[in-house]
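The structure appears below as structure tokens.
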Amino acid sequence: MNNWSPADLWQQVIERLRPEIGSDNVELWLRPVEAQACDNHLLRVKVPNSFFFDHIQRNYQRQIEGALKSLAGEEIALEYQVARDLKSVLPKNDPVETPSAQAEFSLSELNPRYTFSSFVVGTSNRFAHATAEAISKAPGKQYNPFFLYGGSGLGKTHLLFAIGNAIRKEFPRARVLYTTSEQFVNEFIDSLRYDKPDAFRSRFRSLDVLLMDDIQFMGEKGRSVEEFFHTFNVLSEARKQIVLSSDRPPKELVAFDPRMISRFEWGVVVDIKPPDLETRIAILRKKAELEQISIPNDVIVRIAEVIKTNIRELEGCLTKMGAFAALTGSHLTVDIANEVLKDSISSDIDSPIRVETIQKVVAEKYHLDLKAMKGHSRTKEVAMPRQVAMYLCCTLSGASTTEIGRAFGGKDHTTVIHARKKIQAMIEKDTFTSAAMNELIEQIRVRENS
Ligand code: ADP
Ligand code: MG
């Protein structure tokens, strides 16, 4: 075998595969992979998260191994290391460690903290709350399916659990299952791998209540989505209660077939909006009370004023304050609040991120230098990351397309618009791209705040 370093070997693999799988896919999926070591007929690679792992394994494994064989003249197997568990990437949307052993319908899988009584009702979520409560009193009757959508950290998961907890209490024999779409897909794939699709099917199809969280992560059109559709149909024909949550309305779930989307809309579709100031204050009060944090009113109001769009962050901030008070033995004041809030201010969705930060993080991710990012080369290796960066600038920086174009070495604003549309289309086409983007965004935010 040649004396290539693992990184060089990987680079060779990439170039071999480029004509076969296309530059876009190479840049998106293979470039972020780090080859770490190669010995004993084994190439160890590090992938950013389990989405990458699944996607690469499912789609490119064979080709990669083929390329390795022809480059090295011997069989080389791939061994993956997942840099970060998906859970830490997505679950901005998921406060709960969702247990994987859901084979039994045990109570433990519903987080008991999330109930109707711990949910603060305001104008932003009144309808969602009322529907959820009605369902918990008469599951499978009127509002079926219930499709709940809204931004991250606005209480969707909380309401799903609240429904589950209330039904369990009222109807102890009901078979209630909370799951996420990601988990559904994983379990389905496992069931195929271990030759047990029937067990999987009968488990899901015998439910009385299915609470399916974050359906936007269901993935590309494929067998899992088909399987989900069957499950959905069986349950809804048997008039079993189905509750679905998503970060976007049904129509924007592009991974799903239109006929499926129209089924989602059969029952009731409700959105949750960001809470108004009054509700944010009420949530903080309730949380402080639950956690027994003593915190003056003006401090609560200050937090509620600053953090507008995400209740999870609101809570995180309160917890930080509580810890601060406990550690220092001091009373919390608005000044201290401002100090603690500094971090949160820039991570709140409203606050813009500098174009330079975006350029830097994207350049690093794709192993480009900044000059190339701002330069005029149109080779795919450069153009694609540049478009990704432009797209992210459009969504995160608050700068105009003209300003963004200028920051990329004086490009025209139409170039920026084109990039935005292109990446947007890719994100809509497959959730894997959108997951990769989410991860980039997370890294960018971390960098901006550090
Ligand atoms: P989502 O699933 O929409 O991303 P979550 O349900 O995980 O959001 O909510 C994030 C956090 O905010 C959770 O800790 C949840 O308990 C809390 N939360 C959200 N909405 C409310 C509310 N109306 N009242 C009290 N707590 C809330
Ligand atoms: Mg959630």
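Letters A, B, ... mark the chains of the structure tokens in the order given; residue numbers begin at 1 per chain; ligand numbers begin at 1, in order shown.
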Around ligand 1, out to 9 Å and counting only C-alpha atoms and all ligand atoms, which residues are there? I want them as a compact mmCIF listing (two decimals) with N, CA, C and O atoms, in the first residue's frame.
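In the end it all went to result.txt:
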```
# COMPACT_ATOMS: atom_id res chain seq x y z
N PRO A 91 -31.58 18.37 19.50
CA PRO A 91 -32.48 18.58 20.56
C PRO A 91 -32.51 19.88 21.24
O PRO A 91 -33.02 19.97 22.29
N LYS A 92 -32.03 20.85 20.63
CA LYS A 92 -32.69 22.09 20.85
C LYS A 92 -34.17 21.75 20.96
O LYS A 92 -34.90 22.39 21.66
N ASN A 93 -34.62 20.79 20.21
CA ASN A 93 -36.04 20.47 20.19
C ASN A 93 -36.42 19.41 21.18
O ASN A 93 -37.52 18.97 21.21
N ASP A 94 -35.50 18.96 21.93
CA ASP A 94 -35.85 17.80 22.70
C ASP A 94 -35.18 17.80 24.04
O ASP A 94 -34.05 17.37 24.17
N PRO A 95 -35.86 18.32 25.01
CA PRO A 95 -35.26 18.46 26.32
C PRO A 95 -35.10 17.12 27.00
O PRO A 95 -34.38 17.00 27.97
N VAL A 96 -35.76 16.13 26.48
CA VAL A 96 -35.86 14.89 27.20
C VAL A 96 -34.92 13.87 26.60
O VAL A 96 -34.83 13.73 25.40
N ARG A 113 -42.52 15.50 34.36
CA ARG A 113 -42.52 16.95 34.66
C ARG A 113 -43.42 17.72 33.72
O ARG A 113 -43.88 18.81 34.02
N TYR A 114 -43.60 17.18 32.53
CA TYR A 114 -44.36 17.91 31.53
C TYR A 114 -45.84 17.55 31.61
O TYR A 114 -46.27 16.55 31.07
N THR A 115 -46.56 18.42 32.29
CA THR A 115 -47.99 18.18 32.47
C THR A 115 -48.75 19.44 32.09
O THR A 115 -48.15 20.49 31.86
N PHE A 116 -50.07 19.33 32.07
CA PHE A 116 -50.87 20.52 31.80
C PHE A 116 -50.71 21.53 32.94
O PHE A 116 -50.72 22.72 32.71
N SER A 117 -50.56 21.02 34.15
CA SER A 117 -50.51 21.98 35.24
C SER A 117 -49.19 22.76 35.26
O SER A 117 -49.14 23.86 35.81
N SER A 118 -48.15 22.23 34.66
CA SER A 118 -46.92 23.02 34.61
C SER A 118 -46.82 23.84 33.32
O SER A 118 -45.79 24.45 33.04
N PHE A 119 -47.86 23.85 32.55
CA PHE A 119 -47.84 24.57 31.27
C PHE A 119 -48.58 25.89 31.43
O PHE A 119 -49.75 25.93 31.84
N VAL A 120 -47.91 26.97 31.13
CA VAL A 120 -48.52 28.28 31.28
C VAL A 120 -49.24 28.66 29.98
O VAL A 120 -48.66 28.58 28.90
N VAL A 121 -50.48 29.04 30.12
CA VAL A 121 -51.27 29.36 28.92
C VAL A 121 -51.27 30.85 28.66
O VAL A 121 -51.43 31.65 29.57
N GLY A 122 -51.05 31.22 27.42
CA GLY A 122 -51.13 32.63 27.00
C GLY A 122 -51.72 32.67 25.61
O GLY A 122 -52.07 31.62 25.05
N SER A 124 -50.37 33.02 22.84
CA SER A 124 -49.56 32.35 21.82
C SER A 124 -49.82 30.84 21.74
O SER A 124 -49.57 30.23 20.72
N ASN A 125 -50.30 30.28 22.84
CA ASN A 125 -50.46 28.81 22.85
C ASN A 125 -51.82 28.35 23.34
O ASN A 125 -52.02 27.16 23.59
N ARG A 126 -52.75 29.30 23.44
CA ARG A 126 -54.04 28.98 24.04
C ARG A 126 -54.77 27.87 23.28
O ARG A 126 -55.28 26.91 23.84
N HIS A 129 -53.03 24.48 23.57
CA HIS A 129 -53.26 23.92 24.90
C HIS A 129 -54.68 23.36 25.02
O HIS A 129 -54.89 22.25 25.50
N TYR A 149 -47.63 22.50 15.37
CA TYR A 149 -46.33 22.95 14.88
C TYR A 149 -45.94 24.31 15.44
O TYR A 149 -46.79 25.09 15.90
N GLY A 150 -44.65 24.58 15.40
CA GLY A 150 -44.14 25.85 15.91
C GLY A 150 -42.64 25.76 16.10
O GLY A 150 -42.07 24.67 16.04
N GLY A 151 -42.02 26.91 16.35
CA GLY A 151 -40.56 26.98 16.45
C GLY A 151 -40.02 26.19 17.63
O GLY A 151 -40.76 25.70 18.47
N SER A 152 -38.71 26.13 17.65
CA SER A 152 -38.02 25.38 18.68
C SER A 152 -38.20 26.04 20.06
O SER A 152 -38.16 27.25 20.18
N GLY A 153 -38.41 25.20 21.04
CA GLY A 153 -38.48 25.70 22.42
C GLY A 153 -39.78 26.39 22.78
O GLY A 153 -39.84 27.16 23.72
N LEU A 154 -40.84 26.11 22.03
CA LEU A 154 -42.10 26.79 22.31
C LEU A 154 -43.12 25.90 23.04
O LEU A 154 -44.24 26.33 23.28
N GLY A 155 -42.74 24.69 23.34
CA GLY A 155 -43.64 23.88 24.17
C GLY A 155 -44.32 22.70 23.47
O GLY A 155 -45.25 22.12 24.04
N LYS A 156 -43.87 22.33 22.29
CA LYS A 156 -44.52 21.23 21.59
C LYS A 156 -44.31 19.90 22.33
O LYS A 156 -45.27 19.18 22.61
N THR A 157 -43.06 19.63 22.65
CA THR A 157 -42.78 18.38 23.35
C THR A 157 -43.49 18.37 24.70
O THR A 157 -44.05 17.36 25.11
N HIS A 158 -43.48 19.50 25.35
CA HIS A 158 -44.17 19.61 26.63
C HIS A 158 -45.64 19.19 26.48
O HIS A 158 -46.15 18.38 27.25
N LEU A 159 -46.28 19.71 25.46
CA LEU A 159 -47.71 19.39 25.28
C LEU A 159 -47.92 17.91 24.90
O LEU A 159 -48.88 17.29 25.35
N LEU A 160 -47.04 17.37 24.12
CA LEU A 160 -47.17 15.95 23.77
C LEU A 160 -47.10 15.08 25.03
O LEU A 160 -47.92 14.18 25.23
N PHE A 161 -46.13 15.37 25.86
CA PHE A 161 -46.02 14.62 27.10
C PHE A 161 -47.22 14.86 28.01
O PHE A 161 -47.70 13.95 28.68
N ASP A 213 -43.10 13.00 17.92
CA ASP A 213 -42.51 14.33 18.03
C ASP A 213 -41.56 14.61 16.86
O ASP A 213 -40.91 13.69 16.36
N ASP A 214 -41.48 15.86 16.46
CA ASP A 214 -40.49 16.31 15.48
C ASP A 214 -40.52 15.51 14.18
O ASP A 214 -39.50 14.99 13.72
N SER A 245 -46.01 16.37 16.02
CA SER A 245 -45.47 17.72 16.15
C SER A 245 -44.42 17.94 15.07
O SER A 245 -43.84 16.99 14.55
N SER A 246 -44.23 19.21 14.75
CA SER A 246 -43.29 19.55 13.68
C SER A 246 -42.87 21.00 13.87
O SER A 246 -43.55 21.78 14.53
N ASP A 247 -41.74 21.34 13.31
CA ASP A 247 -41.32 22.73 13.41
C ASP A 247 -41.89 23.57 12.28
O ASP A 247 -41.61 24.75 12.17
N ILE A 272 -48.14 26.91 17.50
CA ILE A 272 -47.74 27.60 18.73
C ILE A 272 -46.83 28.74 18.31
O ILE A 272 -45.91 28.54 17.51
N PRO A 275 -44.14 33.27 22.78
CA PRO A 275 -44.97 33.88 23.81
C PRO A 275 -44.77 35.39 23.90
O PRO A 275 -43.67 35.88 23.64
N THR A 279 -46.74 36.39 28.97
CA THR A 279 -46.63 34.94 29.12
C THR A 279 -45.23 34.54 29.54
O THR A 279 -45.02 33.65 30.35
N ARG A 280 -44.24 35.23 28.97
CA ARG A 280 -42.86 34.90 29.34
C ARG A 280 -42.63 35.15 30.83
O ARG A 280 -41.98 34.36 31.52
N ALA A 282 -44.94 35.08 33.13
CA ALA A 282 -45.69 34.05 33.87
C ALA A 282 -44.94 32.72 33.88
O ALA A 282 -44.91 32.01 34.89
N ILE A 283 -44.32 32.38 32.76
CA ILE A 283 -43.57 31.12 32.69
C ILE A 283 -42.39 31.16 33.66
O ILE A 283 -42.13 30.21 34.40
N LEU A 284 -41.70 32.29 33.67
CA LEU A 284 -40.55 32.41 34.58
C LEU A 284 -40.99 32.32 36.03
O LEU A 284 -40.34 31.68 36.86
N LYS A 286 -43.58 30.79 37.23
CA LYS A 286 -43.97 29.41 37.53
C LYS A 286 -42.73 28.54 37.73
O LYS A 286 -42.64 27.76 38.66
N LYS A 287 -41.81 28.71 36.84
CA LYS A 287 -40.59 27.90 36.90
C LYS A 287 -39.79 28.20 38.18
O LYS A 287 -39.29 27.30 38.84
N ASN A 310 -37.53 31.83 22.69
CA ASN A 310 -37.33 30.43 23.00
C ASN A 310 -37.47 30.21 24.50
O ASN A 310 -36.71 30.73 25.30
N ILE A 311 -38.47 29.43 24.85
CA ILE A 311 -38.76 29.23 26.27
C ILE A 311 -37.67 28.40 26.94
O ILE A 311 -37.38 28.57 28.11
N ARG A 312 -37.06 27.54 26.17
CA ARG A 312 -35.98 26.74 26.75
C ARG A 312 -34.84 27.66 27.21
O ARG A 312 -34.26 27.46 28.27
N GLU A 313 -34.56 28.67 26.41
CA GLU A 313 -33.50 29.60 26.81
C GLU A 313 -33.92 30.43 28.00
O GLU A 313 -33.11 30.77 28.86
N LEU A 314 -35.18 30.76 28.01
CA LEU A 314 -35.73 31.51 29.14
C LEU A 314 -35.47 30.73 30.43
O LEU A 314 -34.97 31.26 31.42
N GLU A 315 -35.78 29.46 30.37
CA GLU A 315 -35.60 28.62 31.54
C GLU A 315 -34.12 28.45 31.89
O GLU A 315 -33.75 28.48 33.06
N GLY A 316 -33.31 28.29 30.85
CA GLY A 316 -31.88 28.11 31.08
C GLY A 316 -31.31 29.30 31.82
O GLY A 316 -30.48 29.17 32.73
```
Practice task
List every residue of range 150-384 of chain A that DSSP, applied to the backbone of this structure, places in helix (DSSP H, G or I), and write the result as a PyMOL selection string.
Solution key: chain A and resi 156-170+181-193+197-205+215-217+223-237+250-252+258-264+277-291+297-306+311-328+334-347+355-365+370-374+380-384
Between A:Ile242, A:Leu17, A:Leu30, A:Val388, which one has atoms that come closest to Met426 in chain A, using only C-alpha atoms?
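Checking each candidate against Met426 in chain A, we get A:Val388 as the closest.
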Practice problem: Quick one: pick out all strand (DSSP E or B) residues within range 155-303 of chain A from a backbone DSSP run and write them as number ranges by chain. | Solution: A: 176-180, 209-213, 241-246, 268-272
Serialized selection, N, CA and C atoms, as a short mmCIF file (atom, residue, chain, number, x, y, z; two decimals), in the first residue's frame:
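The new file out-v4.cif reads:
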```
data_model
loop_
_atom_site.label_atom_id
_atom_site.label_comp_id
_atom_site.auth_asym_id
_atom_site.auth_seq_id
_atom_site.Cartn_x
_atom_site.Cartn_y
_atom_site.Cartn_z
N VAL A 176 -50.03 3.98 25.36
CA VAL A 176 -49.61 5.30 24.92
C VAL A 176 -48.12 5.26 24.60
N LEU A 177 -47.75 5.76 23.46
CA LEU A 177 -46.33 5.79 23.15
C LEU A 177 -45.89 7.16 22.66
N TYR A 178 -44.85 7.67 23.31
CA TYR A 178 -44.20 8.87 22.82
C TYR A 178 -42.96 8.44 22.07
N THR A 179 -42.76 8.99 20.91
CA THR A 179 -41.52 8.71 20.19
C THR A 179 -41.19 9.89 19.30
N THR A 180 -39.96 9.93 18.84
CA THR A 180 -39.60 10.96 17.87
C THR A 180 -39.49 10.29 16.51
N VAL A 209 -52.62 5.37 21.54
CA VAL A 209 -52.23 6.76 21.35
C VAL A 209 -50.79 6.81 20.87
N LEU A 210 -50.60 7.44 19.75
CA LEU A 210 -49.23 7.62 19.26
C LEU A 210 -48.89 9.11 19.29
N LEU A 211 -47.85 9.43 20.06
CA LEU A 211 -47.38 10.81 20.14
C LEU A 211 -46.05 10.86 19.40
N MET A 212 -46.05 11.46 18.24
CA MET A 212 -44.84 11.43 17.41
C MET A 212 -44.26 12.84 17.32
N ASP A 213 -43.10 13.00 17.92
CA ASP A 213 -42.51 14.33 18.03
C ASP A 213 -41.56 14.61 16.86
N GLN A 241 -55.87 7.63 18.65
CA GLN A 241 -55.41 9.02 18.65
C GLN A 241 -53.98 9.14 18.13
N ILE A 242 -53.80 10.08 17.20
CA ILE A 242 -52.45 10.37 16.71
C ILE A 242 -52.15 11.85 16.95
N VAL A 243 -51.00 12.11 17.52
CA VAL A 243 -50.57 13.49 17.71
C VAL A 243 -49.20 13.64 17.06
N LEU A 244 -49.08 14.63 16.19
CA LEU A 244 -47.81 14.85 15.50
C LEU A 244 -47.31 16.24 15.81
N SER A 245 -46.01 16.37 16.02
CA SER A 245 -45.47 17.72 16.15
C SER A 245 -44.42 17.94 15.07
N SER A 246 -44.23 19.21 14.75
CA SER A 246 -43.29 19.55 13.68
C SER A 246 -42.87 21.00 13.87
N VAL A 268 -57.00 18.32 13.13
CA VAL A 268 -56.86 19.73 13.46
C VAL A 268 -55.38 20.10 13.42
N VAL A 269 -55.11 21.23 12.79
CA VAL A 269 -53.74 21.72 12.69
C VAL A 269 -53.65 23.01 13.50
N VAL A 270 -52.73 23.03 14.45
CA VAL A 270 -52.63 24.20 15.33
C VAL A 270 -51.18 24.61 15.45
N ASP A 271 -50.94 25.91 15.46
CA ASP A 271 -49.55 26.32 15.68
C ASP A 271 -49.37 26.97 17.05
N ILE A 272 -48.14 26.91 17.50
CA ILE A 272 -47.74 27.60 18.73
C ILE A 272 -46.83 28.74 18.31
#
```
Polymer residues at most 12 Å from Ile300 in chain A, only C-alpha atoms, same-chain spacing of 2 or more positions, as JSON, numbers by chain:
{"A": [277, 278, 279, 280, 281, 282, 283, 284, 285, 286, 287, 288, 289, 293, 294, 295, 296, 297, 298, 302, 303, 304, 305, 306, 307, 314, 315, 317, 318, 319, 321, 322, 332, 333, 334, 336, 337, 338, 341]}
Output for the residues just chosen: C-alpha atoms as a JSON list (two decimals), in the first residue's frame:
```json
[["chain", "number", "residue", "atom", "x", "y", "z"],
["A", 277, "LEU", "CA", -43.98, 39.35, 27.31],
["A", 278, "GLU", "CA", -46.76, 38.67, 29.77],
["A", 279, "THR", "CA", -46.63, 34.94, 29.12],
["A", 280, "ARG", "CA", -42.86, 34.90, 29.34],
["A", 281, "ILE", "CA", -43.05, 36.53, 32.74],
["A", 282, "ALA", "CA", -45.69, 34.05, 33.87],
["A", 283, "ILE", "CA", -43.57, 31.12, 32.69],
["A", 284, "LEU", "CA", -40.55, 32.41, 34.58],
["A", 285, "ARG", "CA", -42.59, 32.90, 37.72],
["A", 286, "LYS", "CA", -43.97, 29.41, 37.53],
["A", 287, "LYS", "CA", -40.59, 27.90, 36.90],
["A", 288, "ALA", "CA", -38.97, 29.86, 39.74],
["A", 289, "GLU", "CA", -41.70, 28.64, 42.01],
["A", 293, "ILE", "CA", -35.53, 29.92, 43.14],
["A", 294, "SER", "CA", -36.08, 33.18, 44.87],
["A", 295, "ILE", "CA", -35.82, 35.92, 42.35],
["A", 296, "PRO", "CA", -37.10, 39.48, 42.47],
["A", 297, "ASN", "CA", -39.74, 40.64, 40.09],
["A", 298, "ASP", "CA", -37.66, 43.22, 38.28],
["A", 302, "ARG", "CA", -35.57, 41.84, 32.68],
["A", 303, "ILE", "CA", -35.00, 38.22, 31.60],
["A", 304, "ALA", "CA", -38.38, 38.11, 29.92],
["A", 305, "GLU", "CA", -37.61, 41.30, 28.04],
["A", 306, "VAL", "CA", -34.36, 40.04, 26.65],
["A", 307, "ILE", "CA", -35.18, 36.47, 25.73],
["A", 314, "LEU", "CA", -35.73, 31.51, 29.14],
["A", 315, "GLU", "CA", -35.60, 28.62, 31.54],
["A", 317, "CYS", "CA", -31.29, 31.67, 32.05],
["A", 318, "LEU", "CA", -33.36, 31.37, 35.16],
["A", 319, "THR", "CA", -31.42, 28.29, 36.18],
["A", 321, "MET", "CA", -29.35, 32.96, 37.86],
["A", 322, "GLY", "CA", -30.41, 30.51, 40.52],
["A", 332, "LEU", "CA", -30.11, 38.78, 42.38],
["A", 333, "THR", "CA", -30.32, 42.21, 40.91],
["A", 334, "VAL", "CA", -31.02, 43.53, 37.45],
["A", 336, "ILE", "CA", -26.39, 40.72, 37.74],
["A", 337, "ALA", "CA", -29.14, 39.66, 35.38],
["A", 338, "ASN", "CA", -27.68, 41.81, 32.62],
["A", 341, "LEU", "CA", -27.83, 37.60, 30.08]]
```
Find the distance between CA of Lys371 in chain A and CA of Thr357 in chain A and write it in Å to one decimal.
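That distance, rounded to one decimal, is 14.2 Å.
Compared by their closest atoms to ligand 2, and using only C-alpha atoms and all ligand atoms, the residues A:Arg18, A:Glu27, A:Gln216, A:Gln11 rank with A:Gln216 nearest.
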